[in-house]
Structures are given as C-alpha cells and as structure tokens.
>>> print(open('protein.tsv').read())   # TSV, C-alpha atoms
chain	number	residue	atom	x	y	z
B	30	MET	CA	48.61	15.57	-64.66
B	31	LYS	CA	49.09	12.24	-62.99
B	32	VAL	CA	47.43	11.51	-59.65
B	33	ARG	CA	48.41	8.57	-57.44
B	34	TYR	CA	46.53	7.17	-54.47
B	35	PHE	CA	47.85	5.07	-51.60
B	36	ALA	CA	46.55	2.85	-48.78
B	37	TRP	CA	42.86	3.41	-47.90
B	38	VAL	CA	42.59	6.42	-50.21
B	39	ARG	CA	43.56	4.05	-53.06
B	40	GLU	CA	41.06	1.42	-51.90
B	41	ARG	CA	38.21	3.93	-51.65
B	42	VAL	CA	38.92	5.59	-55.01
B	43	GLY	CA	39.41	2.14	-56.54
B	44	LYS	CA	42.50	3.12	-58.56
B	45	THR	CA	46.22	3.27	-57.95
B	46	GLU	CA	46.71	6.16	-60.39
B	47	GLU	CA	45.08	8.08	-63.21
B	48	ASP	CA	45.58	11.03	-65.51
B	49	ILE	CA	43.26	13.90	-64.79
B	50	ASP	CA	42.41	17.17	-66.48
B	51	PRO	CA	40.69	19.36	-63.90
B	52	PRO	CA	38.80	22.44	-65.12
B	53	ALA	CA	40.22	25.95	-64.95
B	54	GLY	CA	39.71	27.35	-61.48
B	55	VAL	CA	41.12	24.28	-59.75
B	56	ALA	CA	44.28	26.01	-58.55
B	57	THR	CA	45.28	24.45	-55.27
B	58	ILE	CA	45.41	21.01	-53.66
B	59	GLY	CA	42.31	21.98	-51.68
B	60	ASP	CA	40.45	22.88	-54.90
B	61	LEU	CA	41.53	19.58	-56.43
B	62	VAL	CA	40.27	17.62	-53.43
B	63	ASP	CA	36.88	19.41	-53.69
B	64	TRP	CA	36.72	18.60	-57.41
B	65	LEU	CA	37.81	14.96	-57.01
B	66	ALA	CA	35.27	14.44	-54.22
B	67	ARG	CA	32.54	15.19	-56.80
B	68	GLN	CA	33.79	12.59	-59.32
B	69	GLY	CA	31.89	9.65	-57.87
B	70	GLU	CA	30.97	7.68	-54.79
B	71	GLY	CA	34.45	6.22	-54.20
B	72	TYR	CA	36.06	9.66	-54.45
B	73	ALA	CA	33.46	11.17	-52.14
B	74	TYR	CA	34.22	8.42	-49.59
B	75	ALA	CA	38.00	8.83	-49.93
B	76	PHE	CA	37.82	12.58	-49.40
B	77	GLU	CA	34.88	12.68	-46.97
B	78	ASN	CA	37.19	14.19	-44.35
B	79	PRO	CA	39.59	16.31	-46.41
B	80	ASN	CA	41.59	17.36	-43.35
B	81	VAL	CA	42.71	13.78	-42.79
B	82	VAL	CA	44.02	13.07	-46.30
B	83	ARG	CA	47.66	14.12	-46.87
B	84	SER	CA	49.09	15.22	-50.19
B	85	ALA	CA	52.34	15.48	-52.10
B	86	ILE	CA	53.36	17.31	-55.25
B	87	ASP	CA	56.23	15.79	-57.19
B	88	LYS	CA	57.18	13.61	-54.20
B	89	ARG	CA	57.24	16.38	-51.58
B	90	HIS	CA	54.70	16.88	-48.79
B	91	VAL	CA	52.48	19.92	-49.37
B	92	ARG	CA	49.60	21.62	-47.57
B	93	SER	CA	46.14	22.10	-49.03
B	94	ASP	CA	46.90	25.68	-50.11
B	95	ALA	CA	49.76	24.55	-52.39
B	96	GLN	CA	49.38	25.58	-56.04
B	97	ILE	CA	49.11	22.66	-58.46
B	98	ALA	CA	50.15	24.56	-61.61
B	99	GLY	CA	53.17	22.86	-63.19
B	100	ALA	CA	52.86	19.71	-61.07
B	101	SER	CA	53.57	16.50	-62.92
B	102	GLU	CA	52.59	14.07	-60.15
B	103	ILE	CA	50.18	14.62	-57.27
B	104	ALA	CA	49.60	12.00	-54.60
B	105	PHE	CA	46.93	11.57	-51.93
B	106	PHE	CA	47.30	9.26	-48.94
B	107	PRO	CA	46.36	8.76	-45.28
B	108	PRO	CA	48.60	9.91	-42.41
B	109	MET	CA	51.75	7.82	-42.53
B	110	THR	CA	52.32	4.81	-40.29
B	111	GLY	CA	55.79	3.61	-41.21
B	112	GLY	CA	58.83	3.08	-39.02
A	19	MET	CA	79.58	11.19	-44.67
A	20	SER	CA	78.58	7.76	-45.91
A	21	VAL	CA	74.83	7.53	-46.48
A	22	ILE	CA	72.94	4.38	-47.38
A	23	VAL	CA	69.16	4.36	-47.91
A	24	ARG	CA	67.50	1.13	-48.96
A	25	LEU	CA	63.87	0.17	-49.38
A	26	GLN	CA	63.53	-3.58	-49.68
A	27	ARG	CA	61.16	-6.50	-49.38
A	28	GLU	CA	63.81	-8.79	-47.87
A	29	ALA	CA	64.86	-9.04	-44.22
A	30	PHE	CA	67.98	-7.14	-43.13
A	31	ASP	CA	70.85	-8.00	-40.80
A	32	ALA	CA	71.76	-5.17	-38.43
A	33	ALA	CA	75.22	-6.53	-37.60
A	34	SER	CA	76.34	-6.71	-41.22
A	35	GLU	CA	75.01	-3.19	-41.88
A	36	VAL	CA	77.06	-1.85	-38.96
A	37	ALA	CA	80.11	-3.75	-40.22
A	38	ALA	CA	79.65	-2.23	-43.68
A	39	LEU	CA	79.33	1.28	-42.23
A	40	THR	CA	82.43	1.05	-40.02
A	41	ARG	CA	84.69	-1.15	-42.17
A	42	SER	CA	88.27	0.14	-42.47
A	43	ARG	CA	87.44	3.39	-40.62
A	44	THR	CA	89.08	4.54	-37.40
A	45	ASP	CA	87.39	7.94	-37.02
A	46	ILE	CA	84.05	6.56	-35.78
A	47	GLY	CA	83.78	6.44	-32.01
A	48	ALA	CA	80.06	5.72	-31.59
A	49	VAL	CA	77.43	3.73	-33.45
A	50	VAL	CA	73.77	3.68	-32.49
A	51	ILE	CA	71.50	1.01	-33.97
A	52	PHE	CA	67.72	1.21	-33.84
A	53	THR	CA	65.65	-1.71	-35.09
A	54	GLY	CA	61.85	-1.49	-35.27
A	55	ILE	CA	60.37	-4.98	-34.95
A	56	CYS	CA	56.94	-6.34	-35.86
A	57	ARG	CA	55.05	-7.34	-32.70
A	58	ALA	CA	52.52	-10.19	-32.53
A	59	ASP	CA	49.79	-7.82	-31.34
A	60	GLU	CA	48.32	-4.48	-32.31
A	61	ASP	CA	46.19	-2.65	-29.71
A	62	GLY	CA	45.96	-5.86	-27.67
A	63	GLU	CA	44.68	-7.97	-30.59
A	64	PRO	CA	46.80	-10.79	-32.08
A	65	ILE	CA	48.05	-10.25	-35.63
A	66	ALA	CA	49.34	-12.66	-38.29
A	67	ALA	CA	51.45	-10.12	-40.17
A	68	LEU	CA	51.86	-6.50	-41.21
A	69	ASN	CA	51.62	-5.54	-44.86
A	70	LEU	CA	53.48	-2.35	-45.65
A	71	GLU	CA	52.55	-0.24	-48.64
A	72	HIS	CA	54.86	2.59	-49.72
A	73	TYR	CA	55.32	5.34	-52.29
A	74	PRO	CA	58.67	4.19	-53.68
A	75	ASP	CA	60.33	7.30	-55.14
A	76	MET	CA	58.97	9.66	-52.53
A	77	ALA	CA	59.97	7.39	-49.64
A	78	GLU	CA	63.58	7.41	-50.77
A	79	ALA	CA	63.58	11.18	-51.36
A	80	GLU	CA	61.88	11.93	-48.03
A	81	ILE	CA	64.29	9.75	-46.03
A	82	GLY	CA	67.19	11.43	-47.85
A	83	ARG	CA	65.85	14.88	-46.88
A	84	HIS	CA	65.66	13.90	-43.20
A	85	ILE	CA	69.17	12.47	-43.26
A	86	GLU	CA	70.36	15.78	-44.70
A	87	ALA	CA	68.52	17.65	-41.92
A	88	ALA	CA	70.18	15.38	-39.33
A	89	ARG	CA	73.58	15.94	-40.90
A	90	GLN	CA	73.13	19.71	-40.55
A	91	ARG	CA	72.28	19.38	-36.86
A	92	TRP	CA	74.83	16.85	-35.67
A	93	PRO	CA	78.42	15.96	-36.67
A	94	LEU	CA	77.61	12.58	-38.25
A	95	LEU	CA	80.09	10.31	-39.97
A	96	GLY	CA	77.62	7.82	-41.40
A	97	VAL	CA	73.92	6.96	-41.62
A	98	THR	CA	72.21	3.81	-42.87
A	99	VAL	CA	68.42	3.60	-43.15
A	100	ILE	CA	66.72	0.44	-44.35
A	101	HIS	CA	62.93	0.29	-44.48
A	102	ARG	CA	61.09	-2.85	-45.54
A	103	TYR	CA	57.82	-3.07	-47.42
A	104	GLY	CA	55.52	-5.98	-48.25
A	105	ARG	CA	54.56	-8.71	-45.78
A	106	ILE	CA	56.38	-8.76	-42.45
A	107	VAL	CA	55.64	-11.36	-39.76
A	108	PRO	CA	56.00	-10.90	-35.98
A	109	GLY	CA	59.60	-11.04	-34.84
A	110	GLU	CA	61.01	-9.66	-38.08
A	111	GLY	CA	62.63	-6.24	-38.42
A	112	ILE	CA	60.66	-3.49	-40.19
A	113	VAL	CA	63.11	-0.59	-40.09
A	114	LEU	CA	66.79	-0.16	-39.32
A	115	VAL	CA	68.50	3.14	-38.50
A	116	VAL	CA	72.26	3.18	-37.91
A	117	THR	CA	74.01	6.43	-37.04
A	118	ALA	CA	77.75	6.87	-36.61
A	119	SER	CA	79.63	9.78	-35.08
A	120	THR	CA	82.78	10.61	-33.16
A	121	HIS	CA	80.87	10.65	-29.86
A	122	ARG	CA	77.70	9.06	-28.59
A	123	GLN	CA	75.51	12.14	-28.07
A	124	ALA	CA	75.24	12.94	-31.79
A	125	ALA	CA	74.68	9.30	-32.72
A	126	PHE	CA	71.88	8.83	-30.14
A	127	ALA	CA	70.16	12.12	-30.96
A	128	ALA	CA	70.32	11.65	-34.73
A	129	ALA	CA	68.93	8.11	-34.53
A	130	GLU	CA	65.99	9.31	-32.45
A	131	PHE	CA	65.40	12.32	-34.72
A	132	LEU	CA	65.43	10.12	-37.83
A	133	MET	CA	63.01	7.59	-36.31
A	134	ASP	CA	60.58	10.29	-35.16
A	135	TYR	CA	60.49	11.72	-38.69
A	136	LEU	CA	60.31	8.32	-40.39
A	137	LYS	CA	57.20	7.52	-38.35
A	138	THR	CA	55.31	10.65	-39.36
A	139	ARG	CA	56.76	11.79	-42.71
A	140	ALA	CA	58.05	8.77	-44.66
A	141	PRO	CA	55.27	7.55	-46.99
A	142	PHE	CA	54.66	4.05	-45.62
A	143	TRP	CA	51.34	2.62	-44.47
A	144	LYS	CA	50.90	-0.45	-42.29
A	145	GLN	CA	48.00	-2.80	-42.71
A	146	VAL	CA	47.33	-5.44	-40.08
A	147	GLU	CA	46.60	-8.96	-41.25
A	148	LYS	CA	44.50	-10.79	-38.67
A	149	PRO	CA	44.93	-14.53	-38.09
A	150	GLY	CA	42.61	-16.41	-40.47
A	151	GLY	CA	43.63	-14.64	-43.65
A	152	LYS	CA	40.24	-13.25	-44.74
A	153	THR	CA	40.30	-10.01	-46.73
A	154	SER	CA	37.86	-8.50	-44.23
A	155	ASP	CA	40.49	-9.10	-41.56
A	156	LYS	CA	42.85	-6.54	-43.10
A	157	ILE	CA	42.82	-3.26	-41.22
A	158	TRP	CA	44.87	-0.12	-41.82
A	159	VAL	CA	46.84	0.97	-38.78
A	160	GLU	CA	45.82	4.45	-37.60
A	161	ALA	CA	48.44	7.14	-37.11
A	162	ARG	CA	49.16	7.91	-33.47
A	163	ALA	CA	49.06	11.43	-32.09
A	164	SER	CA	51.99	10.49	-29.84
A	165	ASP	CA	54.15	9.98	-32.95
A	166	ASP	CA	53.29	13.50	-34.15
A	167	THR	CA	54.17	14.86	-30.72
A	168	ALA	CA	57.50	13.02	-30.82
A	169	ALA	CA	58.38	14.59	-34.18
A	170	GLU	CA	57.15	18.04	-33.11
A	171	ARG	CA	59.70	18.29	-30.30
A	172	TRP	CA	62.54	18.60	-32.84
A	173	LYS	CA	61.06	21.84	-34.17
A	174	PRO	CA	62.04	24.49	-34.94
A	175	ALA	CA	64.98	22.93	-36.71
A	176	PRO	CA	67.88	25.37	-36.35
A	177	THR	CA	70.04	24.83	-39.42
A	178	LYS	CA	73.27	26.41	-40.56
A	179	ARG	CA	71.36	28.23	-43.31
A	180	GLU	CA	68.58	29.54	-41.09
A	181	PRO	CA	69.93	30.35	-37.64
A	182	ALA	CA	67.28	30.53	-34.91
A	183	ASN	CA	66.31	34.07	-33.96
>>> encode(input="protein.tsv", output="structure tokens")
Amino acid sequence: MKVRYFAWVRERVGKTEEDIDPPAGVATIGDLVDWLARQGEGYAYAFENPNVVRSAIDKRHVRSDAQIAGASEIAFFPPMTGG
Amino acid sequence: MSVIVRLQREAFDAASEVAALTRSRTDIGAVVIFTGICRADEDGEPIAALNLEHYPDMAEAEIGRHIEAARQRWPLLGVTVIHRYGRIVPGEGIVLVVTASTHRQAAFAAAEFLMDYLKTRAPFWKQVEKPGGKTSDKIWVEARASDDTAAERWKPAPTKREPAN
C-alpha cells in the first residue's frame, strides 16, 4: 500500500511517499504507526507523539483504531492549519 | 445548488466570484462573503510570507463533504470555496467562502460553519517564512485549540438522514 506524508511528518520521515508492505498483525492505523516508528530515526521522530499525528485512509479522516485492510492510500500529517 | 470548489496557487477576486455565483439569477436574496487574509505577523512576530502545503485530492473531497453537510442543514442556493496553496504574502487572500441563500440567516450560518470546518478538517498546513529567507526561519504554524472549539460547537450535526434524538 502507498503511504503519503505531509508537512512536518514528511520532513521528519524524509519522504513524500513510499510503498510499504507491513507484516501480518499490523491491522489498524495505530498498529501501522507503531511499526513505522520502528523503521528508523526519522520515523521515530515523526511518530514520537502518536496522538498528535492525524491520519487518512483513501482521502478520508480516520481514527487510530481504523482497519487498514483494503486501503490503497494511507496518509499521515500534523493537525491541519488551513483556512 | 451551484457548487464551486477550487484549489489554486493564484490570487482570487472575491467580487468576480460573487458575480459568477449570482449571474442571471433572481432567486438569491443573500450572499455572504468570507475572505481569510494573510497577516504580516504571527504570534506577534513579523513574517515575510506563508507557505501552504496541501493534500490535493483529499482537500477537494473534504471541502466537498463539508459543503454537502452545510447543504443538508441550511437552504443554500450556491456555495463557492477557493483555497490557495503555495506562497502567500501579507495582504493577499488565502481562502474565500461565498454562500448564497434566499435569506441572510442561512448564508451567514453556512459561511461560518464552512470556515470552522475548513480550519480544522481541510488538509492544509501553513508554514511561516520569516524575513531573511533562511531555511531555518521556516516554522510550521501550530493548530489552535480555539479552532477545534469553534468546529465542535456545530456538533452533533442533525441531518435529514439522522434526526437528532
């Protein structure tokens, strides 16, 4: 599945997007955040406070208990500051 | 209802957007225009510009969902939302919301509702560019709790499909 990062999450991870293949057992957004946070220093920094980072599945906001099965695009980003 | 959603790098002109929304219509009795403008300071510190990052497809979809929610709550005849991205200097518009209805109450309320949701739910992120232009002078704007509070007051959203108990 494709993962996209925005704003300071993107800067900390050091990528705008990537294709990932998480292991079995990574079922929810929360599980994915835990797994990503172990993929390197930048990821650990980006997800150091997992409650702050927001997420979307296929361009809709979701909570950390959302199931990721069947998702084609997952995004992580800081709280929004538009408008 | 006529709905226009545009995400663009270029500046917008509020007057011509209102003219486009109301052209050759005689059913509209009220138009409310909200323009969010880039200030020359952020938290008391001078700024050179704002740089807005966005999540293109989701931003459009999310704004569309909030317009639909507004349409279910108020008798609207037209909505235009324009949100800019990229570099915006003080004095320039960032966001434009135009709502049209038969009477003013719906137009005022819907414009406020849309702005409160745009602030907290539309995937845009502002970065402040400090005078001087060094990379180290670029700081992400932090979300404000007061914006969350403003959006919260519209909940629960009683819709035609899910009447409030």
>>> interface_residues(input="protein.tsv", of="chain A", to="chain B", cutoff="7 Å", atoms="all atoms listed in the file", output="list in words")
Gly54, Glu71, Met76, Ile112, Val113, Met133, Leu136, Lys137, Thr138, Arg139, Ala140, Pro141, Phe142, Trp143, Lys144, Val159 and Ala161 of chain A
>>> residues_around(input="protein.tsv", residues="A:His84", least_positions_apart="4", cutoff="12 Å", atoms="only C-alpha atoms", output="PyMOL selection string")
chain A and resi 21+23+77-80+88-91+97+99+128-140+169+172+175
>>> residues_around(input="protein.tsv", residues="stretch 34-46 of chain A", least_positions_apart="6", cutoff="12 Å", atoms="only C-alpha atoms", output="number ranges by chain")
A: 19-24, 52-53, 93-100, 114-122, 124-125
>>> axis_aligned_box(input="protein.tsv", around="stretch 76-84 of chain A", padding_each_side="4 Å", output="lines of an AutoDock Vina configuration file")
center_x = 63.1
center_y = 11.1
center_z = -47.9
size_x = 16.2
size_y = 15.5
size_z = 17.3
>>> residues_around(input="protein.tsv", residues="stretch 71-74 of chain B", least_positions_apart="5", cutoff="9 Å", atoms="all atoms listed in the file", output="PDB file with C-alpha atoms, keeping the file's coordinate frame")
ATOM      1  CA  VAL B  38      42.590   6.420 -50.210  1.00  0.00           C
ATOM      2  CA  GLU B  40      41.060   1.420 -51.900  1.00  0.00           C
ATOM      3  CA  ARG B  41      38.210   3.930 -51.650  1.00  0.00           C
ATOM      4  CA  VAL B  42      38.920   5.590 -55.010  1.00  0.00           C
ATOM      5  CA  GLY B  43      39.410   2.140 -56.540  1.00  0.00           C
ATOM      6  CA  LEU B  65      37.810  14.960 -57.010  1.00  0.00           C
ATOM      7  CA  ALA B  66      35.270  14.440 -54.220  1.00  0.00           C
TER       8      ALA B  66
END
>>> residues_around(input="protein.tsv", residues="B:Val55", least_positions_apart="5", cutoff="10 Å", atoms="all atoms listed in the file", output="PyMOL selection string")
chain B and resi 50+60-64+96-98
>>> closest_residue(input="protein.tsv", among="A:Ala32, A:Val146, A:Ile81, A:Ala168", to="A:Asp61", atoms="all atoms listed in the file")
A:Val146
>>> atom_distance(input="protein.tsv", atom1="atom CA of A:Arg57", atom2="atom CA of B:Ala75")
29.1 Å
